[in-house]
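A.B. asks: Just dropping this structure here.
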Amino acid sequence: MTTDTKPLSGRIALVAGATRGAGRAIAVQLGAAGATVYVTGRTTRDRISEVGRRTETIEETAELVTAAGGTGHAVPTDHLDPDAVRALVERIDREQGRLDVLVNDVWGGEHLLDFGKKTWEYDLAGGLRMLELGVKTHAITSHAALPLLIRHPGGLVVEVTDGTAAYNGTRHRENLFYDLAKNAPIRMAFGLGEELREYGGTAVCVSPGWLRSEQMLAHFGVTEDDWRDATAKIPDFGVSESPVYVGRAVAALAADPDRARWNGRSTDSGRLAREYGFTDADGSRPDSWGFLVAKETDPDTRVEDYR
């Protein structure tokens, strides 16, 4: 039975790409709302993915989901392997008989990024790998999981990306392969929204703002406890947000009985925070995309006005 404190009790979710960052936080916040959450990724306590980080695993994510009040299940999965994804969905069907929330957050392409080169100068293999990781994985997962999701009306698909339709649609994201990889989920949510409508389903694309993921914190040499130290060198980092913020955004969408109003749309954690009234872990409401847009015309835009 659902309650105000556990609005997702009895709901089954799959967060594809939940090893760390946004995916992990989304899984944990769905768990905090009472959901049973299957979390996937390629880094386990016994194996490391091409991302090269050993410090986060899907087993740990599942444990965090359970500690938050849900039920976490870790399933090692390479989402570029259709057979593996089908086996994952068959397991969810066998164990739960339904799927209510699908979060496509698979990425893991940061190590391939290089913003200083033109398309023809870029390593082609690396660029195409980004498209595999950020686009092909999402398509494979949706193809396998949606027949289970549409079995019951009210299913929700969340495509996670970097940037909203409004922002990305008029700005080059500096690297063509990255641009393609991060615009594709916006169109996926739009297209899936059209297809799911007749089944009572909803698809939404959600972007965090400047995310203080584990990798981002490591890049700046700070932790979540002292992240503001990085603003001494990069003041704009002050508008960044913790992964908890986008996690709460997705949990709020999943718990909204009127979520169909978002069908096919692109939004971000800051917009959803204003809509649903939640905050980041520190009680603030960062608006990273609003800040970036404002600063384009006013270099003196203050971070403080967007937290």
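In the structure tokens, chains take the letters A, B, ... in the order shown, each chain's residues start at 1, and ligands count up from 1 in the order shown.
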If you count only C-alpha atoms, which residues fall within 12 Å of Arg129 of chain A, apart from same-chain ones fewer than 4 positions away, as a list in words?
C.D. replies: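 Answer for this query is Glu50, Leu80, Trp107, Gly108, Gly109, Glu110, His111, Leu112, Leu113, Asp123, Leu124, Ala125, Leu133, Gly134, Val135, Lys136, Thr137, Phe177, Tyr178, Leu180 and Ala181 of chain A.
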A.B. asks: Can you pull out every residue within 12 Å of Thr66 of chain A, counting only C-alpha atoms, but drop anything in the same chain fewer than 6 positions away, and send it as a CSV table (one decimal) with all heavy atoms, in the first residue's frame?
C.D. replies:
chain,number,residue,atom,x,y,z
A,27,ALA,N,18.4,5.8,-8.2
A,27,ALA,CA,18.0,4.5,-7.6
A,27,ALA,C,17.7,4.7,-6.1
A,27,ALA,O,16.7,4.1,-5.6
A,27,ALA,CB,19.1,3.5,-7.9
A,28,VAL,N,18.6,5.4,-5.4
A,28,VAL,CA,18.5,5.5,-4.0
A,28,VAL,C,17.2,6.3,-3.6
A,28,VAL,O,16.5,5.9,-2.7
A,28,VAL,CB,19.7,6.2,-3.4
A,28,VAL,CG1,19.5,6.6,-1.9
A,28,VAL,CG2,20.9,5.3,-3.5
A,29,GLN,N,16.9,7.4,-4.3
A,29,GLN,CA,15.7,8.1,-4.0
A,29,GLN,C,14.4,7.4,-4.4
A,29,GLN,O,13.4,7.6,-3.7
A,29,GLN,CB,15.8,9.5,-4.7
A,29,GLN,CG,16.9,10.4,-4.2
A,29,GLN,CD,16.8,10.7,-2.7
A,29,GLN,OE1,15.7,11.0,-2.2
A,29,GLN,NE2,17.9,10.6,-2.0
A,30,LEU,N,14.5,6.6,-5.4
A,30,LEU,CA,13.3,5.7,-5.7
A,30,LEU,C,13.1,4.7,-4.5
A,30,LEU,O,12.0,4.5,-4.1
A,30,LEU,CB,13.5,5.0,-7.0
A,30,LEU,CG,13.4,5.8,-8.3
A,30,LEU,CD1,13.8,5.0,-9.5
A,30,LEU,CD2,12.0,6.4,-8.5
A,31,GLY,N,14.2,4.2,-4.0
A,31,GLY,CA,14.2,3.3,-2.9
A,31,GLY,C,13.6,4.1,-1.6
A,31,GLY,O,12.8,3.5,-0.9
A,32,ALA,N,14.1,5.3,-1.4
A,32,ALA,CA,13.6,6.1,-0.3
A,32,ALA,C,12.1,6.3,-0.3
A,32,ALA,O,11.5,6.4,0.7
A,32,ALA,CB,14.3,7.4,-0.2
A,33,ALA,N,11.6,6.3,-1.5
A,33,ALA,CA,10.1,6.4,-1.7
A,33,ALA,C,9.4,5.1,-1.7
A,33,ALA,O,8.2,5.0,-1.9
A,33,ALA,CB,9.8,7.1,-3.0
A,34,GLY,N,10.2,4.0,-1.4
A,34,GLY,CA,9.5,2.7,-1.2
A,34,GLY,C,9.6,1.7,-2.3
A,34,GLY,O,9.1,0.6,-2.2
A,35,ALA,N,10.2,2.1,-3.4
A,35,ALA,CA,10.3,1.2,-4.6
A,35,ALA,C,11.2,0.0,-4.4
A,35,ALA,O,12.2,0.1,-3.7
A,35,ALA,CB,10.6,2.0,-5.8
A,36,THR,N,11.0,-1.0,-5.1
A,36,THR,CA,11.9,-2.1,-5.4
A,36,THR,C,12.7,-1.7,-6.6
A,36,THR,O,12.1,-1.5,-7.7
A,36,THR,CB,11.2,-3.4,-5.6
A,36,THR,OG1,10.6,-3.8,-4.3
A,36,THR,CG2,12.2,-4.5,-6.0
A,37,VAL,N,14.0,-1.6,-6.5
A,37,VAL,CA,14.8,-1.1,-7.6
A,37,VAL,C,15.9,-2.1,-8.1
A,37,VAL,O,16.7,-2.5,-7.3
A,37,VAL,CB,15.5,0.2,-7.2
A,37,VAL,CG1,16.2,0.9,-8.4
A,37,VAL,CG2,14.5,1.2,-6.5
A,38,TYR,N,15.9,-2.4,-9.3
A,38,TYR,CA,16.9,-3.2,-10.0
A,38,TYR,C,17.9,-2.2,-10.5
A,38,TYR,O,17.6,-1.3,-11.3
A,38,TYR,CB,16.3,-4.1,-11.1
A,38,TYR,CG,15.6,-5.3,-10.5
A,38,TYR,CD1,14.3,-5.1,-10.1
A,38,TYR,CD2,16.1,-6.5,-10.5
A,38,TYR,CE1,13.5,-6.2,-9.6
A,38,TYR,CE2,15.4,-7.6,-10.0
A,38,TYR,CZ,14.1,-7.4,-9.5
A,38,TYR,OH,13.4,-8.5,-9.0
A,39,VAL,N,19.2,-2.4,-10.1
A,39,VAL,CA,20.2,-1.5,-10.5
A,39,VAL,C,21.3,-2.2,-11.3
A,39,VAL,O,21.7,-3.4,-11.0
A,39,VAL,CB,20.9,-0.8,-9.3
A,39,VAL,CG1,19.9,0.0,-8.5
A,39,VAL,CG2,21.6,-1.8,-8.4
A,59,GLU,N,26.7,-3.3,-6.5
A,59,GLU,CA,26.3,-4.0,-5.3
A,59,GLU,C,26.2,-2.9,-4.2
A,59,GLU,O,25.2,-2.9,-3.4
A,59,GLU,CB,27.4,-5.0,-4.8
A,59,GLU,CG,27.5,-6.2,-5.7
A,59,GLU,CD,28.6,-6.1,-6.7
A,59,GLU,OE1,29.0,-4.9,-7.0
A,59,GLU,OE2,29.1,-7.1,-7.3
A,60,GLU,N,27.1,-1.9,-4.2
A,60,GLU,CA,27.0,-0.9,-3.2
A,60,GLU,C,25.7,0.0,-3.4
A,60,GLU,O,25.0,0.4,-2.5
A,60,GLU,CB,28.2,0.0,-3.2
A,60,GLU,CG,28.2,1.1,-2.2
A,60,GLU,CD,29.5,2.0,-2.3
A,60,GLU,OE1,29.8,2.4,-3.4
A,60,GLU,OE2,30.1,2.2,-1.2
A,72,GLY,N,16.8,-3.1,-2.9
A,72,GLY,CA,17.7,-3.0,-4.0
A,72,GLY,C,18.2,-4.4,-4.5
A,72,GLY,O,18.5,-5.3,-3.7
A,73,HIS,N,18.3,-4.5,-5.8
A,73,HIS,CA,18.8,-5.7,-6.5
A,73,HIS,C,19.8,-5.3,-7.5
A,73,HIS,O,19.6,-4.6,-8.4
A,73,HIS,CB,17.7,-6.5,-7.2
A,73,HIS,CG,16.6,-7.0,-6.4
A,73,HIS,ND1,16.7,-8.2,-5.6
A,73,HIS,CD2,15.3,-6.5,-6.1
A,73,HIS,CE1,15.5,-8.3,-5.0
A,73,HIS,NE2,14.7,-7.4,-5.2
A,74,ALA,N,21.1,-5.8,-7.3
A,74,ALA,CA,22.1,-5.5,-8.3
A,74,ALA,C,22.2,-6.6,-9.3
A,74,ALA,O,22.3,-7.8,-9.0
A,74,ALA,CB,23.5,-5.4,-7.5
A.B. asks: Using atom CA of Val75 of chain A and atom CA of Ala255 of chain A as the two end points, give the distance in Å to one decimal.
C.D. replies: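 Computing it gives 24.3 Å between the two atoms.
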A.B. asks: Got a sec: who's within 9 Å of Thr164 of chain A, counting only C-alpha atoms, leaving out chain neighbours fewer than 3 positions off, as a ChimeraX atom specification?
C.D. replies: /A:161,167-169,183,186,205-207,266-268,289
A.B. asks: Restricted to all heavy atoms, what would the selected residues look like written as an mmCIF file, in the first residue's frame?
C.D. replies:
data_model
loop_
_atom_site.group_PDB
_atom_site.id
_atom_site.type_symbol
_atom_site.label_atom_id
_atom_site.label_comp_id
_atom_site.auth_asym_id
_atom_site.auth_seq_id
_atom_site.Cartn_x
_atom_site.Cartn_y
_atom_site.Cartn_z
ATOM 1 N N THR A 161 19.981 12.747 -19.492
ATOM 2 C CA THR A 161 20.970 13.286 -20.418
ATOM 3 C C THR A 161 21.673 14.484 -19.800
ATOM 4 O O THR A 161 21.585 14.716 -18.596
ATOM 5 C CB THR A 161 20.293 13.659 -21.751
ATOM 6 O OG1 THR A 161 21.290 13.903 -22.742
ATOM 7 C CG2 THR A 161 19.408 14.881 -21.613
ATOM 8 N N TYR A 167 18.079 24.232 -24.130
ATOM 9 C CA TYR A 167 19.490 24.616 -24.094
ATOM 10 C C TYR A 167 20.261 23.977 -25.252
ATOM 11 O O TYR A 167 20.926 24.659 -26.028
ATOM 12 C CB TYR A 167 20.124 24.207 -22.762
ATOM 13 C CG TYR A 167 21.527 24.748 -22.588
ATOM 14 C CD1 TYR A 167 21.731 26.004 -22.038
ATOM 15 C CD2 TYR A 167 22.642 24.020 -22.998
ATOM 16 C CE1 TYR A 167 23.007 26.531 -21.893
ATOM 17 C CE2 TYR A 167 23.923 24.531 -22.856
ATOM 18 C CZ TYR A 167 24.105 25.784 -22.309
ATOM 19 O OH TYR A 167 25.371 26.288 -22.184
ATOM 20 N N ASN A 168 20.160 22.672 -25.390
ATOM 21 C CA ASN A 168 20.936 21.970 -26.416
ATOM 22 C C ASN A 168 20.493 22.314 -27.829
ATOM 23 O O ASN A 168 21.288 22.260 -28.767
ATOM 24 C CB ASN A 168 20.823 20.460 -26.213
ATOM 25 C CG ASN A 168 21.602 19.962 -25.012
ATOM 26 O OD1 ASN A 168 22.286 20.727 -24.340
ATOM 27 N ND2 ASN A 168 21.496 18.673 -24.729
ATOM 28 N N GLY A 169 19.215 22.652 -27.957
ATOM 29 C CA GLY A 169 18.677 22.879 -29.293
ATOM 30 C C GLY A 169 19.251 24.092 -29.990
ATOM 31 O O GLY A 169 19.174 24.199 -31.223
ATOM 32 N N ASN A 183 21.888 14.725 -27.180
ATOM 33 C CA ASN A 183 20.615 15.146 -27.761
ATOM 34 C C ASN A 183 19.702 13.961 -28.064
ATOM 35 O O ASN A 183 18.482 14.100 -28.047
ATOM 36 C CB ASN A 183 20.846 15.958 -29.034
ATOM 37 C CG ASN A 183 21.074 17.430 -28.734
ATOM 38 O OD1 ASN A 183 20.150 18.125 -28.319
ATOM 39 N ND2 ASN A 183 22.293 17.897 -28.912
ATOM 40 N N ILE A 186 16.824 13.144 -25.658
ATOM 41 C CA ILE A 186 15.720 14.106 -25.720
ATOM 42 C C ILE A 186 14.710 13.655 -26.769
ATOM 43 O O ILE A 186 13.491 13.655 -26.532
ATOM 44 C CB ILE A 186 16.255 15.510 -26.029
ATOM 45 C CG1 ILE A 186 17.151 15.998 -24.882
ATOM 46 C CG2 ILE A 186 15.111 16.488 -26.289
ATOM 47 C CD1 ILE A 186 17.894 17.289 -25.173
ATOM 48 N N CYS A 205 12.397 13.300 -20.547
ATOM 49 C CA CYS A 205 13.850 13.426 -20.517
ATOM 50 C C CYS A 205 14.229 14.394 -19.404
ATOM 51 O O CYS A 205 13.699 15.512 -19.340
ATOM 52 C CB CYS A 205 14.390 13.937 -21.857
ATOM 53 S SG CYS A 205 16.198 13.873 -21.955
ATOM 54 N N VAL A 206 15.105 13.963 -18.509
ATOM 55 C CA VAL A 206 15.510 14.769 -17.358
ATOM 56 C C VAL A 206 17.026 14.976 -17.386
ATOM 57 O O VAL A 206 17.784 14.024 -17.559
ATOM 58 C CB VAL A 206 15.106 14.103 -16.036
ATOM 59 C CG1 VAL A 206 15.606 14.922 -14.848
ATOM 60 C CG2 VAL A 206 13.591 13.930 -15.970
ATOM 61 N N SER A 207 17.435 16.217 -17.198
ATOM 62 C CA SER A 207 18.859 16.533 -17.122
ATOM 63 C C SER A 207 19.191 17.093 -15.752
ATOM 64 O O SER A 207 18.484 17.980 -15.260
ATOM 65 C CB SER A 207 19.237 17.569 -18.178
ATOM 66 O OG SER A 207 20.581 18.009 -17.988
ATOM 67 N N SER A 266 11.136 17.612 -22.231
ATOM 68 C CA SER A 266 12.492 17.671 -21.687
ATOM 69 C C SER A 266 12.501 18.688 -20.559
ATOM 70 O O SER A 266 11.958 19.785 -20.703
ATOM 71 C CB SER A 266 13.465 18.100 -22.793
ATOM 72 O OG SER A 266 14.695 18.538 -22.248
ATOM 73 N N THR A 267 13.105 18.303 -19.433
ATOM 74 C CA THR A 267 13.155 19.214 -18.301
ATOM 75 C C THR A 267 14.446 18.977 -17.525
ATOM 76 O O THR A 267 15.305 18.215 -17.973
ATOM 77 C CB THR A 267 11.899 19.039 -17.412
ATOM 78 O OG1 THR A 267 11.893 20.047 -16.394
ATOM 79 C CG2 THR A 267 11.850 17.664 -16.788
ATOM 80 N N ASP A 268 14.579 19.630 -16.382
ATOM 81 C CA ASP A 268 15.806 19.471 -15.609
ATOM 82 C C ASP A 268 15.483 19.466 -14.122
ATOM 83 O O ASP A 268 14.357 19.781 -13.706
ATOM 84 C CB ASP A 268 16.812 20.579 -15.940
ATOM 85 C CG ASP A 268 16.315 21.951 -15.525
ATOM 86 O OD1 ASP A 268 15.548 22.573 -16.288
ATOM 87 O OD2 ASP A 268 16.686 22.392 -14.430
ATOM 88 N N TRP A 289 21.122 25.539 -15.337
ATOM 89 C CA TRP A 289 20.884 25.921 -16.730
ATOM 90 C C TRP A 289 20.424 27.370 -16.815
ATOM 91 O O TRP A 289 20.815 28.096 -17.726
ATOM 92 C CB TRP A 289 19.871 24.974 -17.375
ATOM 93 C CG TRP A 289 20.392 23.568 -17.391
ATOM 94 C CD1 TRP A 289 19.962 22.512 -16.639
ATOM 95 C CD2 TRP A 289 21.506 23.076 -18.147
ATOM 96 N NE1 TRP A 289 20.720 21.393 -16.899
ATOM 97 C CE2 TRP A 289 21.675 21.708 -17.819
ATOM 98 C CE3 TRP A 289 22.376 23.656 -19.073
ATOM 99 C CZ2 TRP A 289 22.678 20.924 -18.384
ATOM 100 C CZ3 TRP A 289 23.379 22.869 -19.639
ATOM 101 C CH2 TRP A 289 23.516 21.525 -19.295
#
A.B. asks: Using DSSP secondary structure from the backbone, list all helix (DSSP H, G or I) positions within segment 129-302 of chain A, as number ranges by chain.
C.D. replies: A: 129-149, 165-168, 176-199, 214-220, 227-232, 235-239, 243-255, 259-262, 269-276, 288-297
A.B. asks: Could the residues in this selection be saved with C-alpha atoms as a tab-separated table (two decimals), in the first residue's frame?
C.D. replies:
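Written output follows (part22.tsv):
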chain	number	residue	atom	x	y	z
A	129	ARG	CA	32.04	4.51	-28.74
A	130	MET	CA	30.34	7.52	-27.15
A	131	LEU	CA	27.37	6.99	-29.43
A	132	GLU	CA	27.25	3.33	-28.49
A	133	LEU	CA	27.37	4.10	-24.77
A	134	GLY	CA	24.94	7.01	-24.80
A	135	VAL	CA	22.47	6.08	-27.55
A	136	LYS	CA	22.63	2.42	-28.52
A	137	THR	CA	22.42	1.26	-24.89
A	138	HIS	CA	19.26	3.29	-24.33
A	139	ALA	CA	17.62	1.92	-27.48
A	140	ILE	CA	18.46	-1.70	-26.61
A	141	THR	CA	17.15	-1.29	-23.06
A	142	SER	CA	13.89	0.33	-24.13
A	143	HIS	CA	13.33	-2.33	-26.78
A	144	ALA	CA	13.66	-5.10	-24.21
A	145	ALA	CA	11.94	-3.48	-21.23
A	146	LEU	CA	8.94	-1.66	-22.67
A	147	PRO	CA	6.80	-4.75	-23.35
A	148	LEU	CA	6.92	-5.42	-19.60
A	149	LEU	CA	6.37	-1.78	-18.67
A	165	ALA	CA	15.90	20.61	-25.36
A	166	ALA	CA	15.79	24.40	-24.92
A	167	TYR	CA	19.49	24.62	-24.09
A	168	ASN	CA	20.94	21.97	-26.42
A	176	LEU	CA	29.91	16.61	-32.20
A	177	PHE	CA	29.85	13.05	-30.87
A	178	TYR	CA	29.00	14.24	-27.37
A	179	ASP	CA	26.40	16.59	-28.81
A	180	LEU	CA	24.73	13.70	-30.63
A	181	ALA	CA	24.93	11.40	-27.62
A	182	LYS	CA	23.28	13.95	-25.34
A	183	ASN	CA	20.62	15.15	-27.76
A	184	ALA	CA	19.47	11.63	-28.67
A	185	PRO	CA	17.79	10.94	-25.29
A	186	ILE	CA	15.72	14.11	-25.72
A	187	ARG	CA	14.32	12.75	-28.98
A	188	MET	CA	13.96	9.29	-27.47
A	189	ALA	CA	11.72	10.66	-24.73
A	190	PHE	CA	9.67	12.52	-27.32
A	191	GLY	CA	9.29	9.47	-29.56
A	192	LEU	CA	8.63	7.04	-26.72
A	193	GLY	CA	6.08	9.45	-25.30
A	194	GLU	CA	4.15	9.25	-28.55
A	195	GLU	CA	4.29	5.44	-28.50
A	196	LEU	CA	3.43	5.02	-24.82
A	197	ARG	CA	0.50	7.41	-24.77
A	198	GLU	CA	-2.08	4.82	-25.84
A	199	TYR	CA	-0.90	2.51	-23.04
A	214	GLU	CA	32.10	11.22	-7.97
A	215	GLN	CA	34.12	11.75	-11.14
A	216	MET	CA	33.54	15.50	-11.14
A	217	LEU	CA	34.59	15.83	-7.52
A	218	ALA	CA	37.73	13.80	-8.23
A	219	HIS	CA	38.50	16.00	-11.23
A	220	PHE	CA	38.48	19.09	-9.02
A	227	TRP	CA	33.35	20.91	-2.68
A	228	ARG	CA	33.08	24.69	-2.24
A	229	ASP	CA	36.88	24.85	-2.03
A	230	ALA	CA	36.89	24.37	-5.82
A	231	THR	CA	35.04	27.66	-6.30
A	232	ALA	CA	38.25	29.54	-5.43
A	235	PRO	CA	33.55	30.40	-9.14
A	236	ASP	CA	30.78	29.07	-11.39
A	237	PHE	CA	31.11	25.68	-9.69
A	238	GLY	CA	29.10	27.31	-6.93
A	239	VAL	CA	25.92	26.65	-8.91
A	243	PRO	CA	23.31	13.86	-7.40
A	244	VAL	CA	20.61	13.79	-4.71
A	245	TYR	CA	18.88	16.65	-6.54
A	246	VAL	CA	18.20	14.77	-9.77
A	247	GLY	CA	17.40	11.66	-7.73
A	248	ARG	CA	14.65	13.55	-5.94
A	249	ALA	CA	13.49	14.95	-9.29
A	250	VAL	CA	12.91	11.50	-10.77
A	251	ALA	CA	11.31	10.18	-7.58
A	252	ALA	CA	8.92	13.14	-7.60
A	253	LEU	CA	7.97	12.44	-11.22
A	254	ALA	CA	7.40	8.77	-10.47
A	255	ALA	CA	5.15	9.61	-7.51
A	259	ARG	CA	2.93	12.88	-14.52
A	260	ALA	CA	1.40	12.40	-17.99
A	261	ARG	CA	1.50	16.21	-18.31
A	262	TRP	CA	5.27	15.83	-18.78
A	269	SER	CA	16.26	18.96	-11.89
A	270	GLY	CA	15.99	22.68	-11.10
A	271	ARG	CA	12.68	23.03	-12.95
A	272	LEU	CA	11.26	19.96	-11.25
A	273	ALA	CA	12.43	21.23	-7.85
A	274	ARG	CA	10.39	24.38	-8.35
A	275	GLU	CA	7.43	22.33	-9.53
A	276	TYR	CA	7.43	19.72	-6.76
A	288	SER	CA	22.43	25.54	-13.28
A	289	TRP	CA	20.88	25.92	-16.73
A	290	GLY	CA	19.22	29.20	-15.82
A	291	PHE	CA	22.55	30.49	-14.57
A	292	LEU	CA	24.42	29.48	-17.73
A	293	VAL	CA	21.86	31.13	-19.99
A	294	ALA	CA	21.84	34.34	-17.93
A	295	LYS	CA	25.62	34.54	-17.90
A	296	GLU	CA	25.75	34.47	-21.70
A	297	THR	CA	24.28	37.98	-21.77
A.B. asks: For the atom pair atom CA of Gly70 of chain A and atom CA of Ile26 of chain A, what is the interatomic distance in Å to one decimal place?
C.D. replies: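 Straight-line distance from atom CA of Gly70 of chain A to atom CA of Ile26 of chain A works out to 12.2 Å.
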A.B. asks: Which of segment 30-110 of chain A counts as strand (DSSP E) under DSSP, as a PyMOL selection string please?
C.D. replies: chain A and resi 36-41+71-76+101-104
A.B. asks: Store the residues picked out above in a file with N, CA, C and O atoms, as an mmCIF file, in the first residue's frame.
C.D. replies:
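Result file selection-v5.cif:
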data_model
loop_
_atom_site.group_PDB
_atom_site.id
_atom_site.type_symbol
_atom_site.label_atom_id
_atom_site.label_comp_id
_atom_site.auth_asym_id
_atom_site.auth_seq_id
_atom_site.Cartn_x
_atom_site.Cartn_y
_atom_site.Cartn_z
ATOM 1 N N THR A 36 10.955 -1.024 -5.150
ATOM 2 C CA THR A 36 11.922 -2.090 -5.377
ATOM 3 C C THR A 36 12.694 -1.717 -6.628
ATOM 4 O O THR A 36 12.083 -1.469 -7.682
ATOM 5 N N VAL A 37 14.012 -1.650 -6.528
ATOM 6 C CA VAL A 37 14.821 -1.087 -7.615
ATOM 7 C C VAL A 37 15.886 -2.082 -8.060
ATOM 8 O O VAL A 37 16.712 -2.524 -7.250
ATOM 9 N N TYR A 38 15.850 -2.417 -9.341
ATOM 10 C CA TYR A 38 16.917 -3.215 -9.959
ATOM 11 C C TYR A 38 17.943 -2.233 -10.517
ATOM 12 O O TYR A 38 17.591 -1.332 -11.290
ATOM 13 N N VAL A 39 19.186 -2.397 -10.094
ATOM 14 C CA VAL A 39 20.245 -1.479 -10.517
ATOM 15 C C VAL A 39 21.267 -2.246 -11.342
ATOM 16 O O VAL A 39 21.660 -3.356 -10.993
ATOM 17 N N THR A 40 21.673 -1.636 -12.439
ATOM 18 C CA THR A 40 22.602 -2.307 -13.337
ATOM 19 C C THR A 40 23.817 -1.444 -13.627
ATOM 20 O O THR A 40 23.807 -0.228 -13.448
ATOM 21 N N GLY A 41 24.851 -2.097 -14.106
ATOM 22 C CA GLY A 41 26.091 -1.446 -14.477
ATOM 23 C C GLY A 41 27.128 -2.510 -14.754
ATOM 24 O O GLY A 41 26.862 -3.713 -14.625
ATOM 25 N N THR A 71 14.006 -1.729 -1.705
ATOM 26 C CA THR A 71 14.632 -3.038 -1.860
ATOM 27 C C THR A 71 15.506 -2.985 -3.099
ATOM 28 O O THR A 71 14.987 -2.762 -4.210
ATOM 29 N N GLY A 72 16.801 -3.144 -2.920
ATOM 30 C CA GLY A 72 17.723 -3.039 -4.042
ATOM 31 C C GLY A 72 18.187 -4.390 -4.533
ATOM 32 O O GLY A 72 18.470 -5.284 -3.728
ATOM 33 N N HIS A 73 18.259 -4.538 -5.843
ATOM 34 C CA HIS A 73 18.781 -5.746 -6.485
ATOM 35 C C HIS A 73 19.848 -5.328 -7.485
ATOM 36 O O HIS A 73 19.567 -4.556 -8.411
ATOM 37 N N ALA A 74 21.056 -5.813 -7.324
ATOM 38 C CA ALA A 74 22.149 -5.514 -8.251
ATOM 39 C C ALA A 74 22.240 -6.608 -9.308
ATOM 40 O O ALA A 74 22.342 -7.791 -8.969
ATOM 41 N N VAL A 75 22.195 -6.199 -10.579
ATOM 42 C CA VAL A 75 22.288 -7.160 -11.682
ATOM 43 C C VAL A 75 23.359 -6.664 -12.654
ATOM 44 O O VAL A 75 23.119 -5.732 -13.424
ATOM 45 N N PRO A 76 24.551 -7.257 -12.631
ATOM 46 C CA PRO A 76 25.585 -6.842 -13.584
ATOM 47 C C PRO A 76 25.074 -6.994 -15.018
ATOM 48 O O PRO A 76 24.624 -8.081 -15.405
ATOM 49 N N VAL A 101 8.749 1.676 -13.592
ATOM 50 C CA VAL A 101 9.628 2.799 -13.896
ATOM 51 C C VAL A 101 10.894 2.276 -14.568
ATOM 52 O O VAL A 101 11.558 1.380 -14.036
ATOM 53 N N LEU A 102 11.211 2.814 -15.717
ATOM 54 C CA LEU A 102 12.467 2.520 -16.402
ATOM 55 C C LEU A 102 13.264 3.807 -16.495
ATOM 56 O O LEU A 102 12.780 4.809 -17.046
ATOM 57 N N VAL A 103 14.474 3.800 -15.959
ATOM 58 C CA VAL A 103 15.368 4.946 -16.052
ATOM 59 C C VAL A 103 16.558 4.568 -16.921
ATOM 60 O O VAL A 103 17.340 3.683 -16.564
ATOM 61 N N ASN A 104 16.670 5.206 -18.061
ATOM 62 C CA ASN A 104 17.804 4.981 -18.962
ATOM 63 C C ASN A 104 18.879 6.019 -18.660
ATOM 64 O O ASN A 104 18.823 7.159 -19.130
#
A.B. asks: Given the choices A:Arg91, A:Arg307, A:Arg302, A:Arg265, which gets closest to Ser284 of chain A if the distance is worked out from only C-alpha atoms?
C.D. replies: A:Arg307
A.B. asks: Please compute the atom CA of Thr19 of chain A-atom CA of Arg42 of chain A distance, one decimal, in Å.
C.D. replies: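 Separation between atom CA of Thr19 of chain A and atom CA of Arg42 of chain A: 7.7 Å.
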A.B. asks: Identify which of the residues A:Leu14, A:Trp120, A:Asp258, A:Gly21 lies closest to Trp210 of chain A, counting only C-alpha atoms when measuring atom-to-atom distances.
C.D. replies: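 Smallest separation from Trp210 of chain A among the options: A:Gly21.
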A.B. asks: For each of A:Gly116, A:Gly155, A:Glu241, A:Gly264, take the minimum atom-to-atom distance to Tyr306 of chain A, counting only C-alpha atoms, then give the residue where this is smallest.
C.D. replies: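 Of A:Gly116, A:Gly155, A:Glu241, A:Gly264, the one nearest Tyr306 of chain A, counting only C-alpha atoms, is A:Glu241.
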